[in-house]
Every structure is written in structure tokens, then in C-alpha cells.
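Data block below; observations after.
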Amino acid sequence: MSTKMIDDLIVQAEVGSGEGTICSSDLKQPIWSLDVAEGERAKPTYGAGASQWDKAPVFAPLQHQIPAKYRQMAHAELDRRIRAVKETLGERLVILGHHYQRDDIIQYADFRGDSFKLSQLAATRPNAEYILFCGVHFMAESADILSSPQQQVILPNLAAGCSMADMANLEDVLDCWETLGQILGQKPNAEGQQPLLPVTYMNSAANLKAFCGERNGIVCTSSNAETVLKWAFARGERVLFFPDQHLGRNTGVKLGIPLEEMVLWDPSKPLGGNSPAALRQARIILWRGWCSVHQRFTVAQVEKARQDYLGVRVVVHPECPLEVVEAADEAGSTDYIIKAVEEAAAGTVLAIGTEINLVRRLQAEHPDKKIFCLDPVICPCSTMYRIHPAYVAWVLEGLLDGQVLNQIRVDEKVAHAARIALNRMLTVK
Ligand code: 13P
Ligand code: SF4
């Protein structure tokens with residue numbers, strides 16, 4: 001399997017909308033051109049790729065420029081240095097790689113997985129003093145919450161956030177909660193259900209997980225959203241679901257909740273853009289958030305795949321819009337998609353609706369099947385893509401010098417409340 005697959009394709013590709021094209025010429029810029037130089041006042045941006053056109057909030061973390069020697073280092077030298085530190089630190093270091101990371105990073109991962117699996121894995125390596133999380137900010141926070149106090153979690157590039165997670169912040173969610181409390185009341189009904197229960201997707205900041213922990217709420221992932229919502233409806237008449245409207249809506253539909261009983265909460269509008277009557281009638285109040293990677297997939301792409309390949313199996317992630325999920329044959333989490341590919345018979349044709357680095361890797365690892373991305377345009381997750389071997393070499397060599405660079409630490413009070421919501425999810429069957 002060739003490494004640097006997506007990177008190589010980006011170098012070769014043109015900007016456009018057809019086969020072999022990229023969504024932005026900015027993808028060709030070195031990733032550190034986005035970092036903040038010494039003394040510079042900069043606004044956060046997500047960087048080239050799918051979230052490029054989303055506005056990053058002022059609170060989104062910035063990455064300061066790493067030393068020039070790492071930016072100038074050839075790939076072979078970065079590779080040599082990363083492997084040398086891994087060898088030196090041995091079991092004291094564990095490297096976790098999310099499935100959407102580029103191949104150049106995945107090659108160093110001791111474990112690959114989805115966001116939840118990786119956070120749990122951190123806890124199974126108590127000897128690892130350092131957890132290098134090659135993923136995005138909310139994942140590193142979850143790893144810090146679920147690991148032991150002596151373990152230190154490192155995110156190689158601090159600007160690797162998540163545009164979807166940033167679409168819900170504590171202040172706006174607190175405002176929403178207070179407004180809904182005034183409309184829906186606070187008292188449990190005759191069955192003991194509270195009027196509203198908060199459910200946050202794993203892809204959210206630690207303080208929002210804590211918000212849920214403090215209000216009888218819970219966390220969900222894309223693999224257990226259905227089970228978690230059933231749990232929530234046993235305890236609440238309604239659910240406030242954030243930040244991904246699509247996962248919430250798709251799961252609601254699976255549970256048989258009519259679309260008229262799911263309303264969208266736009267935090268920039270009074271009452272989220274709803275009437276009090278609509279809010280009272282709602283079963284799910286969906287936060288107006290989305291993933292710009294999965295929102296790129298369309299029904300037209302599904303139709304084209306079916307036209308081009310008779311009998312194609314279309315599998316998409318539930319962060320895709322409802323009409324895309326309905327047009328597909330199946331929808332499931334990153335892990336579900338991987339299993340679907342692994343278990344498919346040789347010769348199967350699969351069109352996948354998820355992040356391009358994972359789709360290309362599946363393609364390379366299963367040459368006996370025809371696997372392709374529904375979207376012909378190469379448009380990686382902007383923030384996952386900000387992790388590059390130069391940052392990995394920089395933070396790892398820092399460890400040898402006794403410096404823990406880019407540590408992600410969640411305040412213990414927040415972590416405690418977030419752990420409650422995470423543990424509720426773990427015990428839900
Ligand atoms: P999972 O890693 O839980 O599949 O979520 C997909 C995603 O968008 C990660 O950021
Ligand atoms: Fe966030 Fe979407 Fe990227 Fe996942 S794929 S990190 S949800 S922007």
C-alpha cells in the first residue's frame with residue numbers, strides 16, 4: 001500500500017468539480033502556513049478542506065509556528081526521528097490515530113479507531129505516560145477525561161479542532177436550556193420523565209459533556225445513538241440533541257419519530273427560530289450544527305453511483321443529511337463502514353459516503369473489491385488534515401527534552417461531570 005496517498009493526489013490534482021480534482025487550491029499550501037507567527041495577531045481558521053468555508057469562533061485554539069527545522073525537514077528525516085523517539089520511549093508512549101488521519105500519520109499509530117474507541121484505548125494502556133492523539137481536539141479531551149491522572153494527552157497540532165463541535169458552545173447551550181425551561185417547565189410528568197433531557201454527540205467540547213452530566217443527560221456516538229436516544233426517552237419527554245442535527249434527525253427517523261416532531265434550534269434566532277407551540281410539540285430539538293465533510297454528500301452522487309455501477313452498495317455515515325441516508329442502502333458509524341467493507345464478498349462494489357482518507361485507505365487495503373468515495377472531489381476534513389509528521393516529530397522530540405508540548409488538559413471539575421455523562425453511555429445497553 002502506498003503511503004501519502006491523499007497527499008500525492010493533492011499534489012497532482014487540479015481545482016474543479018470533476019474526477020481527480022480537489023475542493024480548494026489551498027490544499028497545496030504547506031499546512032504550517034496556517035500557523036501563527038511570533039508576535040502575529042491572528043484569527044482562528046479551520047484551514048484547507050471541507051471546513052474551509054465555516055467560520056471558526058474566536059475561542060478556537062491556535063497553533064503557533066513550530067521551529068523552522070521541522071518545517072524544512074524532508075519526509076525521510078521526519079520518519080527517522082519519529083521512529084527513533086518511539087523506540088526510545090517504548091511503552092511510555094502510545095500513539096492513537098483516528099481513521100480520518102492521512103496515511104503518513106496512520107503508519108505511526110499503535111491503535112487506529114473511531115473517536116470513542118480511541119479514547120477508551122487510552123485507558124487500557126496505563127503504562128503509557130504520554131498519549132499522542134492524532135485526531136482532533138474533542139477526542140484528545142475525551143482521552144484526558146477517561147485516562148488516569150498520571151497520563152498526559154498531547155494533540156500534535158492545537159488548531160486541529162472540529163468545525164461541528166465548535167457550532168455548539170456552552171454559553172449558547174445554556175441560553176437555549178434556560179429558554180426551553182421557561183417554555184416547557186421543569187417538573188417531571190406523572191411517569192417521572194423530565195420535560196427535556198440533554199444528549200450530546202461525542203463530537204463536542206468537554207464542557208458540553210459536563211453540561212449533560214450535570215442535568216441527567218448523556219453522551220452518544222454514531223454507533224450507539226439509537227440505544228442512547230431510547231435510554232433518554234425513558235427518562236425525558238423530549239431530547240435536546242447537539243451539535244449534529246443530521247445524526248439527531250437520522251436517529252429520530254430510525255426510532256419512528258415524525259419529522260414534524262423534530263425542530264431545529266438556531267442559536268442566532270429568538271426561540272431558536274421556533275414558536276412556543278412547536279417547541280412544546282417537539283420530541284427532539286436539534287441543534288443547528290453539521291459536519292462539513294459529511295454534508296458534501298448528495299442524493300445526485302448516490303444516483304450517479306447507481307447509474308455507473310449496477311448493484312453497487314451505497315454505505316454512508318449518519319452525519320450525512322437525511323435524504324442522502326434515505327437514498328443509500330445503509331448508514332453507519334466509521335466502524336460500521338469499515339466492517340461493511342471487510343465483510344463484503346470479493347468483487348463487491350461499494351460507494352462510500354465518509355472522509356476521503358479512510359475511503360482511499362479501504363480501497364488500498366481491499367484490492368479484491370471496488371471501493372470509491374461518493375464525492376469525486378478530494379476534500380479532506382480540514383482539521384484532521386492539520387496533523388502532519390512535522391508536528392508529530394516536534395512534540396515527540398520535545399518529550400525527550402523533558403517538555404510536554406501541546407498538552408490537552410480538562411479542568412477536573414469539568415472532567416468529573418463529563419465522566420458522569422460518558423459513563424452513563426457506557427452502561428447503556
Ligand atoms: P466517529 O469517529 O465516531 O465515527 O465520528 C466520525 C467523525 O466525524 C469523527 O470526527
Ligand atoms: Fe469534525 Fe466532521 Fe472533521 Fe469529524 S469529520 S472532525 S465531525 S469536521
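Residue numbering restarts at 1 in every chain; chains get A, B, ... in the order shown in the C-alpha cells, and ligands count up from 1 in that same order.
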Counting only C-alpha atoms and all ligand atoms, which residues of chain A fall within 6 Å of ligand 2, and what is the closest atom pair for each with its distance in Å at one decimal, ordered by chain and rising number, as JSON lines?
```
{"residue": "A:Cys162", "atom": "CA", "partner": "ligand 2", "partner_atom_place_in_ligand_line": "1 (Fe)", "distance": 3.9}
{"residue": "A:Ser163", "atom": "CA", "partner": "ligand 2", "partner_atom_place_in_ligand_line": "8 (S)", "distance": 5.0}
{"residue": "A:Met164", "atom": "CA", "partner": "ligand 2", "partner_atom_place_in_ligand_line": "1 (Fe)", "distance": 5.1}
{"residue": "A:Cys291", "atom": "CA", "partner": "ligand 2", "partner_atom_place_in_ligand_line": "2 (Fe)", "distance": 4.2}
{"residue": "A:Ser292", "atom": "CA", "partner": "ligand 2", "partner_atom_place_in_ligand_line": "8 (S)", "distance": 5.7}
{"residue": "A:Val293", "atom": "CA", "partner": "ligand 2", "partner_atom_place_in_ligand_line": "2 (Fe)", "distance": 5.2}
{"residue": "A:Cys381", "atom": "CA", "partner": "ligand 2", "partner_atom_place_in_ligand_line": "3 (Fe)", "distance": 4.6}
```
File dump, residues just selected, N, CA and C atoms, as a short mmCIF file (atom, residue, chain, number, x, y, z; two decimals), in the first residue's frame:
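Everything below was put into part.cif:
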```cif
data_model
loop_
_atom_site.label_atom_id
_atom_site.label_comp_id
_atom_site.auth_asym_id
_atom_site.auth_seq_id
_atom_site.Cartn_x
_atom_site.Cartn_y
_atom_site.Cartn_z
N CYS A 162 -12.64 20.96 15.54
CA CYS A 162 -13.69 20.33 14.73
C CYS A 162 -14.75 21.39 14.51
N SER A 163 -15.03 21.71 13.26
CA SER A 163 -15.98 22.79 12.98
C SER A 163 -17.37 22.44 13.53
N MET A 164 -17.73 21.16 13.47
CA MET A 164 -19.05 20.79 14.01
C MET A 164 -19.10 20.98 15.52
N CYS A 291 -21.56 18.57 10.05
CA CYS A 291 -20.17 18.27 9.70
C CYS A 291 -20.00 18.62 8.23
N SER A 292 -19.06 19.50 7.95
CA SER A 292 -18.88 19.95 6.57
C SER A 292 -18.28 18.86 5.67
N VAL A 293 -17.70 17.84 6.27
CA VAL A 293 -17.20 16.70 5.47
C VAL A 293 -18.41 15.90 4.97
N CYS A 381 -11.14 16.28 5.69
CA CYS A 381 -11.53 17.04 6.89
C CYS A 381 -10.38 18.01 7.17
#
```
message = Taking only C-alpha atoms and all ligand atoms and a cut-off of 7 Å, can you tell me which residues surround ligand 1, written as a count of residues only?
response = 11
message = Set the distance at 12 Å and use only C-alpha atoms: which residues neighbour Val253 in chain A once local chain neighbours fewer than 5 positions away are removed? I'd like the list as number ranges by chain.
response = A: 225-226, 229, 246-248, 258-262, 283-284, 318, 321-323, 325-326
Would you put the residues from that selection into a file with N, CA and C atoms, as an mmCIF file, in the first residue's frame?
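In the end it all went to again.cif:
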```
data_model
loop_
_atom_site.group_PDB
_atom_site.id
_atom_site.type_symbol
_atom_site.label_atom_id
_atom_site.label_comp_id
_atom_site.auth_asym_id
_atom_site.auth_seq_id
_atom_site.Cartn_x
_atom_site.Cartn_y
_atom_site.Cartn_z
ATOM 1 N N ALA A 225 -26.123 5.871 18.928
ATOM 2 C CA ALA A 225 -27.105 6.965 19.061
ATOM 3 C C ALA A 225 -28.530 6.443 19.278
ATOM 4 N N GLU A 226 -28.887 5.357 18.597
ATOM 5 C CA GLU A 226 -30.250 4.830 18.706
ATOM 6 C C GLU A 226 -30.513 4.318 20.138
ATOM 7 N N LEU A 229 -30.668 7.259 22.563
ATOM 8 C CA LEU A 229 -31.921 8.029 22.498
ATOM 9 C C LEU A 229 -33.077 7.268 23.160
ATOM 10 N N HIS A 246 -27.892 16.326 11.873
ATOM 11 C CA HIS A 246 -28.133 15.183 10.982
ATOM 12 C C HIS A 246 -28.161 13.860 11.741
ATOM 13 N N LEU A 247 -27.188 13.657 12.625
ATOM 14 C CA LEU A 247 -27.186 12.419 13.406
ATOM 15 C C LEU A 247 -28.464 12.342 14.246
ATOM 16 N N GLY A 248 -28.865 13.479 14.820
ATOM 17 C CA GLY A 248 -30.084 13.519 15.637
ATOM 18 C C GLY A 248 -31.312 13.191 14.806
ATOM 19 N N PRO A 258 -41.881 11.251 13.859
ATOM 20 C CA PRO A 258 -42.189 12.003 12.635
ATOM 21 C C PRO A 258 -41.362 13.294 12.543
ATOM 22 N N LEU A 259 -41.053 13.686 11.318
ATOM 23 C CA LEU A 259 -40.227 14.894 11.112
ATOM 24 C C LEU A 259 -40.873 16.133 11.740
ATOM 25 N N GLU A 260 -42.202 16.180 11.763
ATOM 26 C CA GLU A 260 -42.898 17.347 12.353
ATOM 27 C C GLU A 260 -42.619 17.438 13.849
ATOM 28 N N GLU A 261 -42.163 16.349 14.450
ATOM 29 C CA GLU A 261 -41.891 16.381 15.897
ATOM 30 C C GLU A 261 -40.402 16.572 16.185
ATOM 31 N N MET A 262 -39.679 16.989 15.129
ATOM 32 C CA MET A 262 -38.255 17.329 15.330
ATOM 33 C C MET A 262 -38.078 18.760 14.830
ATOM 34 N N ARG A 283 -40.479 16.307 19.932
ATOM 35 C CA ARG A 283 -39.860 15.223 20.718
ATOM 36 C C ARG A 283 -38.344 15.435 20.732
ATOM 37 N N ILE A 284 -37.810 15.903 19.582
ATOM 38 C CA ILE A 284 -36.364 16.178 19.550
ATOM 39 C C ILE A 284 -36.134 17.618 19.098
ATOM 40 N N PRO A 318 -23.933 8.443 9.298
ATOM 41 C CA PRO A 318 -25.165 9.146 9.694
ATOM 42 C C PRO A 318 -24.998 10.641 9.958
ATOM 43 N N PRO A 321 -26.820 14.243 5.441
ATOM 44 C CA PRO A 321 -28.222 14.669 5.517
ATOM 45 C C PRO A 321 -29.200 13.498 5.324
ATOM 46 N N LEU A 322 -30.401 13.650 5.887
ATOM 47 C CA LEU A 322 -31.413 12.579 5.870
ATOM 48 C C LEU A 322 -31.686 12.047 4.457
ATOM 49 N N GLU A 323 -31.818 12.963 3.482
ATOM 50 C CA GLU A 323 -32.175 12.491 2.125
ATOM 51 C C GLU A 323 -31.074 11.602 1.539
ATOM 52 N N VAL A 325 -29.007 9.675 3.449
ATOM 53 C CA VAL A 325 -29.115 8.414 4.209
ATOM 54 C C VAL A 325 -30.253 7.578 3.625
ATOM 55 N N GLU A 326 -31.367 8.249 3.273
ATOM 56 C CA GLU A 326 -32.520 7.513 2.714
ATOM 57 C C GLU A 326 -32.230 6.960 1.328
#
```
ask   = Leaving out Gln403 in chain A and any residue of its chain fewer than 6 positions from it, which residues lie within 12 Å of it when counting only C-alpha atoms, given as a list of chain:residue names?
value =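 Listing them by chain and then by number gives A:Tyr130, A:Gln152, A:Ile154, A:Trp394, A:Val395, A:Leu396, A:Glu397.
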Output file for the residues above (C-alpha atoms, as an mmCIF file, in the first residue's frame):
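The resulting file, result.cif, is shown below:
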```
data_model
loop_
_atom_site.group_PDB
_atom_site.id
_atom_site.type_symbol
_atom_site.label_atom_id
_atom_site.label_comp_id
_atom_site.auth_asym_id
_atom_site.auth_seq_id
_atom_site.Cartn_x
_atom_site.Cartn_y
_atom_site.Cartn_z
ATOM 1 C CA TYR A 130 2.178 10.006 27.079
ATOM 2 C CA GLN A 152 -0.609 13.186 29.646
ATOM 3 C CA ILE A 154 -0.884 15.513 23.536
ATOM 4 C CA TRP A 394 8.296 18.247 17.102
ATOM 5 C CA VAL A 395 6.150 17.122 20.075
ATOM 6 C CA LEU A 396 7.898 13.738 20.326
ATOM 7 C CA GLU A 397 11.389 15.218 20.383
#
```
request  = Considering only C-alpha atoms, return as a PyMOL selection string whatever protein or nucleic-acid residues lie within 9 Å of Met425 in chain A, sequence-local ones (same chain, fewer than 2 positions apart) excluded.
outcome  = chain A and resi 218-221+224+228+420-423+427-429
query = Near Glu38 in chain A, within 10 Å and counting only C-alpha atoms, which residues show up once chain neighbours fewer than 3 positions away are dropped, as a list of chain:residue names?
reply =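 The residues satisfying every condition are A:Asp35, A:Arg41, A:His64, A:Gln65.
Among the candidates A:Leu426, A:Ile356, A:Val404, A:Ala282, the one nearest to Ile10 in chain A when counting only C-alpha atoms is A:Ile356.
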ask   = Which one is closest to Thr179 in chain A: A:Val377, A:Ala140, A:Leu96, A:Leu279? Count only C-alpha atoms.
value =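 For Thr179 in chain A, the nearest of the candidates is A:Leu279.
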task = From a DSSP calculation on the backbone, collect every residue of range 116-220 of chain A in strand (DSSP E or B) and output the set as a PyMOL selection string.
result = chain A and resi 130-134+152-154+194-201+218-220
task = In Å, rounded to a single decimal, give me how far CA of Ser25 in chain A is from CA of Thr298 in chain A.
result =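 Value for the CA of Thr298 in chain A-CA of Ser25 in chain A distance: 22.5 Å.
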request  = Identify which of the residues A:Val85, A:Leu27, A:Gly217, A:Asp329 lies closest to Asp8 in chain A, counting only C-alpha atoms when measuring atom-to-atom distances.
outcome  = A:Leu27
request  = Return as a VMD selection string the full set of residues in range 272-315 of chain A whose backbone-based DSSP assignment is helix (DSSP H, G or I).
outcome  = chain A and resid 272 to 273 276 to 281 294 to 296 299 to 308
key: Selection near range 236-244 of chain A, 10 Å with only C-alpha atoms, sequence-local residues under 6 positions removed, as a count of residues only   = 56
ask   = At what distance in Å, to one decimal, does CA of Leu78 in chain A lie from CA of Ala393 in chain A?
value =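 Answer for the CA of Ala393 in chain A to CA of Leu78 in chain A separation: 6.2 Å.
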